[in-house]
file structure-v1.csv (CSV, C-alpha atoms)
chain,number,residue,atom,x,y,z
A,15,MET,CA,-10.9,27.6,29.2
A,16,LYS,CA,-8.4,25.0,30.4
A,17,GLY,CA,-7.9,24.3,34.1
A,18,GLY,CA,-10.2,27.1,35.2
A,19,GLN,CA,-7.9,29.7,33.6
A,20,LYS,CA,-9.4,33.2,33.5
A,21,MET,CA,-10.7,34.4,30.1
A,22,TYR,CA,-10.0,38.0,29.3
A,23,ARG,CA,-12.2,40.2,27.1
A,24,LEU,CA,-10.3,42.0,24.3
A,25,LEU,CA,-11.6,44.4,21.8
A,26,ILE,CA,-9.9,45.3,18.5
A,27,ALA,CA,-11.1,48.5,16.9
A,28,ASP,CA,-9.8,49.1,13.4
A,29,ASP,CA,-11.5,50.0,10.2
A,30,GLU,CA,-9.3,47.6,8.2
A,31,PRO,CA,-10.5,44.0,8.5
A,32,LEU,CA,-7.0,42.6,7.7
A,33,GLU,CA,-5.5,44.6,10.6
A,34,ARG,CA,-8.2,43.3,13.0
A,35,GLU,CA,-7.7,39.7,11.8
A,36,GLY,CA,-3.9,39.9,11.9
A,37,LEU,CA,-3.9,41.2,15.4
A,38,GLU,CA,-6.4,38.6,16.6
A,39,LEU,CA,-4.3,35.8,14.9
A,40,THR,CA,-1.1,37.1,16.6
A,41,ILE,CA,-2.8,37.2,20.0
A,42,LYS,CA,-4.5,33.8,19.6
A,43,LYS,CA,-1.3,32.1,18.4
A,44,GLY,CA,1.0,33.7,21.0
A,45,LEU,CA,-1.4,33.4,24.0
A,46,PRO,CA,-3.9,30.6,23.1
A,47,GLU,CA,-7.2,30.3,24.9
A,48,LEU,CA,-6.8,33.4,27.0
A,49,PHE,CA,-9.1,35.8,25.2
A,50,LYS,CA,-12.6,36.3,24.0
A,51,ILE,CA,-12.0,38.7,21.2
A,52,ASP,CA,-14.5,41.1,19.6
A,53,HIS,CA,-14.0,43.4,16.6
A,54,ALA,CA,-15.2,46.9,15.9
A,55,GLU,CA,-14.9,48.5,12.5
A,56,ASN,CA,-15.1,52.1,13.8
A,57,GLY,CA,-15.2,54.2,17.0
A,58,ARG,CA,-19.0,54.2,17.3
A,59,VAL,CA,-19.2,50.3,17.2
A,60,ALA,CA,-16.3,50.2,19.8
A,61,ILE,CA,-18.3,52.5,22.1
A,62,GLU,CA,-21.5,50.4,21.6
A,63,LEU,CA,-19.6,47.2,22.4
A,64,THR,CA,-18.1,48.7,25.6
A,65,GLU,CA,-21.7,49.5,26.7
A,66,LYS,CA,-22.5,45.8,26.6
A,67,ASN,CA,-19.2,44.2,27.6
A,68,HIS,CA,-16.5,44.8,30.1
A,69,TYR,CA,-13.2,44.7,28.2
A,70,ASP,CA,-9.9,44.1,29.9
A,71,ILE,CA,-7.8,45.2,27.0
A,72,ILE,CA,-8.7,47.4,24.0
A,73,PHE,CA,-6.6,47.9,20.8
A,74,MET,CA,-7.7,51.1,19.2
A,75,ASP,CA,-6.8,52.5,15.8
A,76,ILE,CA,-6.6,56.3,15.6
A,77,LYS,CA,-7.8,57.0,12.1
A,78,MET,CA,-11.3,55.5,11.5
A,79,PRO,CA,-14.3,56.9,9.6
A,80,GLY,CA,-16.9,58.6,11.9
A,81,ILE,CA,-15.7,58.7,15.5
A,82,GLN,CA,-11.9,58.7,15.6
A,83,GLY,CA,-10.0,56.4,17.9
A,84,LEU,CA,-9.0,59.1,20.5
A,85,GLU,CA,-12.6,60.4,20.7
A,86,ALA,CA,-13.8,56.8,21.3
A,87,VAL,CA,-11.1,56.3,23.9
A,88,GLU,CA,-12.3,59.4,25.8
A,89,VAL,CA,-15.9,58.0,25.9
A,90,ILE,CA,-14.8,54.4,26.7
A,91,ARG,CA,-12.4,55.6,29.5
A,92,LYS,CA,-15.5,57.0,31.4
A,93,LYS,CA,-17.3,53.6,31.2
A,94,LEU,CA,-14.3,51.3,31.7
A,95,PRO,CA,-11.7,53.3,33.7
A,96,LEU,CA,-9.7,50.1,34.4
A,97,ALA,CA,-9.5,48.9,30.8
A,98,LYS,CA,-6.0,48.7,29.4
A,99,ILE,CA,-6.0,50.6,26.1
A,100,ILE,CA,-3.4,50.5,23.4
A,101,ILE,CA,-3.4,52.8,20.4
A,102,VAL,CA,-2.4,51.2,17.1
A,103,SER,CA,-1.6,53.7,14.4
A,104,ALA,CA,0.1,54.1,11.1
A,105,TYR,CA,0.9,57.6,12.1
A,106,ASP,CA,3.9,58.6,14.1
A,107,TYR,CA,2.6,61.9,15.2
A,108,PHE,CA,3.7,63.3,18.5
A,109,SER,CA,0.4,65.1,19.0
A,110,TYR,CA,-1.5,61.8,18.8
A,111,ALA,CA,0.8,60.1,21.2
A,112,LYS,CA,0.5,63.1,23.6
A,113,ALA,CA,-3.3,63.1,23.5
A,114,ALA,CA,-3.3,59.3,24.0
A,115,ILE,CA,-1.1,59.6,27.1
A,116,SER,CA,-3.4,62.3,28.6
A,117,LEU,CA,-6.3,59.8,28.2
A,118,GLY,CA,-4.4,57.2,30.2
A,119,VAL,CA,-3.5,54.9,27.2
A,120,LYS,CA,-1.0,52.2,28.1
A,121,ASP,CA,0.9,52.2,24.9
A,122,TYR,CA,1.1,53.6,21.4
A,123,ILE,CA,2.3,51.2,18.8
A,124,LEU,CA,3.0,51.8,15.1
A,125,LYS,CA,1.7,49.6,12.3
A,126,PRO,CA,2.8,47.2,11.3
A,127,ALA,CA,3.4,46.1,14.9
A,128,LYS,CA,5.9,43.3,15.4
A,129,ARG,CA,4.4,40.0,16.6
A,130,ASP,CA,6.7,39.6,19.6
A,131,HIS,CA,6.1,43.2,20.6
A,132,ILE,CA,2.4,42.6,20.7
A,133,ILE,CA,2.7,39.4,22.7
A,134,THR,CA,5.1,40.9,25.3
A,135,LEU,CA,2.8,43.9,25.6
A,136,VAL,CA,-0.3,41.8,26.1
A,137,LYS,CA,1.5,39.6,28.7
A,138,ASN,CA,2.5,42.7,30.6
A,139,LEU,CA,-1.0,44.0,30.5
A,140,ILE,CA,-2.4,40.7,31.9
A,141,SER,CA,0.0,40.8,34.8
A,142,GLU,CA,-1.1,44.4,35.4
A,143,ILE,CA,-4.8,43.3,35.4
A,144,GLU,CA,-3.9,40.5,37.8
A,145,LYS,CA,-2.2,43.0,40.2
A,146,ASP,CA,-5.2,45.4,39.9
A,147,THR,CA,-7.5,42.5,40.7
A,148,GLN,CA,-5.4,41.5,43.8
A,149,LYS,CA,-5.4,45.1,45.0
A,150,ARG,CA,-9.2,45.3,44.8
A,151,ALA,CA,-9.7,41.9,46.4
call {"tool": "encode", "arguments": {"input": "structure-v1.csv", "output": "structure tokens"}}
result
Amino acid sequence: MKGGQKMYRLLIADDEPLEREGLELTIKKGLPELFKIDHAENGRVAIELTEKNHYDIIFMDIKMPGIQGLEAVEVIRKKLPLAKIIIVSAYDYFSYAKAAISLGVKDYILKPAKRDHIITLVKNLISEIEKDTQKRA
């Protein structure tokens, strides 16, 4: 943490290690030293991690073994109502997007996501978090 800069907690939930690592690398390169990043390989692990940690931003894959992404979001939303959640999916299904919106998801991005799109999105989410924090203060 340089110069007392706030660290944000970020969770990447995806059953594919390469997807998780790629997303983490993109974020760390584009926004260095801003995040403490955790990984979950499925929805159950994501839920368990949110019981222990307060995440600011969560990237959630939809299709995972066991508990699917949208189910996990539903549970996580109750615990972390202020977390900014982004769905990352290889599927361009309107029904998924609609369900995600009803769960208060911030964005729905298709894989493979463009590096600059992710960075812009994360920057916008950080300024939203800052505004939320100011409102509560």
call {"tool": "residues_around", "arguments": {"input": "structure-v1.csv", "residues": "Ile72 (chain A)", "least_positions_apart": "6", "cutoff": "8 Å", "atoms": "only C-alpha atoms", "output": "PyMOL selection string"}}
result
chain A and resi 24-27+97-100
call {"tool": "write_last_selection", "arguments": {"input": "structure-v1.csv", "atoms": "C-alpha atoms", "output": "mmCIF file, in the coordinates of the input"}}
result
data_model
loop_
_atom_site.group_PDB
_atom_site.id
_atom_site.type_symbol
_atom_site.label_atom_id
_atom_site.label_comp_id
_atom_site.auth_asym_id
_atom_site.auth_seq_id
_atom_site.Cartn_x
_atom_site.Cartn_y
_atom_site.Cartn_z
ATOM 1 C CA LEU A 24 -10.300 42.000 24.300
ATOM 2 C CA LEU A 25 -11.600 44.400 21.800
ATOM 3 C CA ILE A 26 -9.900 45.300 18.500
ATOM 4 C CA ALA A 27 -11.100 48.500 16.900
ATOM 5 C CA ALA A 97 -9.500 48.900 30.800
ATOM 6 C CA LYS A 98 -6.000 48.700 29.400
ATOM 7 C CA ILE A 99 -6.000 50.600 26.100
ATOM 8 C CA ILE A 100 -3.400 50.500 23.400
#
call {"tool": "residues_around", "arguments": {"input": "structure-v1.csv", "residues": "Ile123 (chain A)", "least_positions_apart": "4", "cutoff": "12 Å", "atoms": "all atoms listed in the file", "output": "ChimeraX atom specification"}}
result
/A:73-76,99-107,110-111,114,119,127-129,131-132,135
call {"tool": "atom_distance", "arguments": {"input": "structure-v1.csv", "atom1": "CA of Asp28 (chain A)", "atom2": "CA of Asn56 (chain A)"}}
result
6.1 Å
call {"tool": "atom_distance", "arguments": {"input": "structure-v1.csv", "atom1": "CA of Glu47 (chain A)", "atom2": "CA of Pro31 (chain A)"}}
result
21.6 Å
call {"tool": "atom_distance", "arguments": {"input": "structure-v1.csv", "atom1": "CA of His53 (chain A)", "atom2": "CA of Lys145 (chain A)"}}
result
26.4 Å
call {"tool": "closest_residue", "arguments": {"input": "structure-v1.csv", "among": "A:Ile143, A:Ile90, A:Leu45, A:Val136", "to": "Gly118 (chain A)", "atoms": "all atoms listed in the file"}}
result
A:Ile90
call {"tool": "closest_residue", "arguments": {"input": "structure-v1.csv", "among": "A:Leu96, A:Leu139, A:Leu48, A:Ile61", "to": "Gly80 (chain A)", "atoms": "all atoms listed in the file"}}
result
A:Ile61
call {"tool": "closest_residue", "arguments": {"input": "structure-v1.csv", "among": "A:Glu88, A:Asp130, A:Glu55, A:Glu35", "to": "Ser116 (chain A)", "atoms": "all atoms listed in the file"}}
result
A:Glu88
call {"tool": "closest_residue", "arguments": {"input": "structure-v1.csv", "among": "A:Leu117, A:Ser141, A:Gln148, A:Leu94", "to": "Leu63 (chain A)", "atoms": "all atoms listed in the file"}}
result
A:Leu94
call {"tool": "closest_residue", "arguments": {"input": "structure-v1.csv", "among": "A:Glu144, A:Arg34, A:Ile51, A:Asp29", "to": "Gln82 (chain A)", "atoms": "only C-alpha atoms"}}
result
A:Asp29
call {"tool": "closest_residue", "arguments": {"input": "structure-v1.csv", "among": "A:Lys125, A:Gly44, A:Val87, A:Lys149", "to": "Arg58 (chain A)", "atoms": "all atoms listed in the file"}}
result
A:Val87
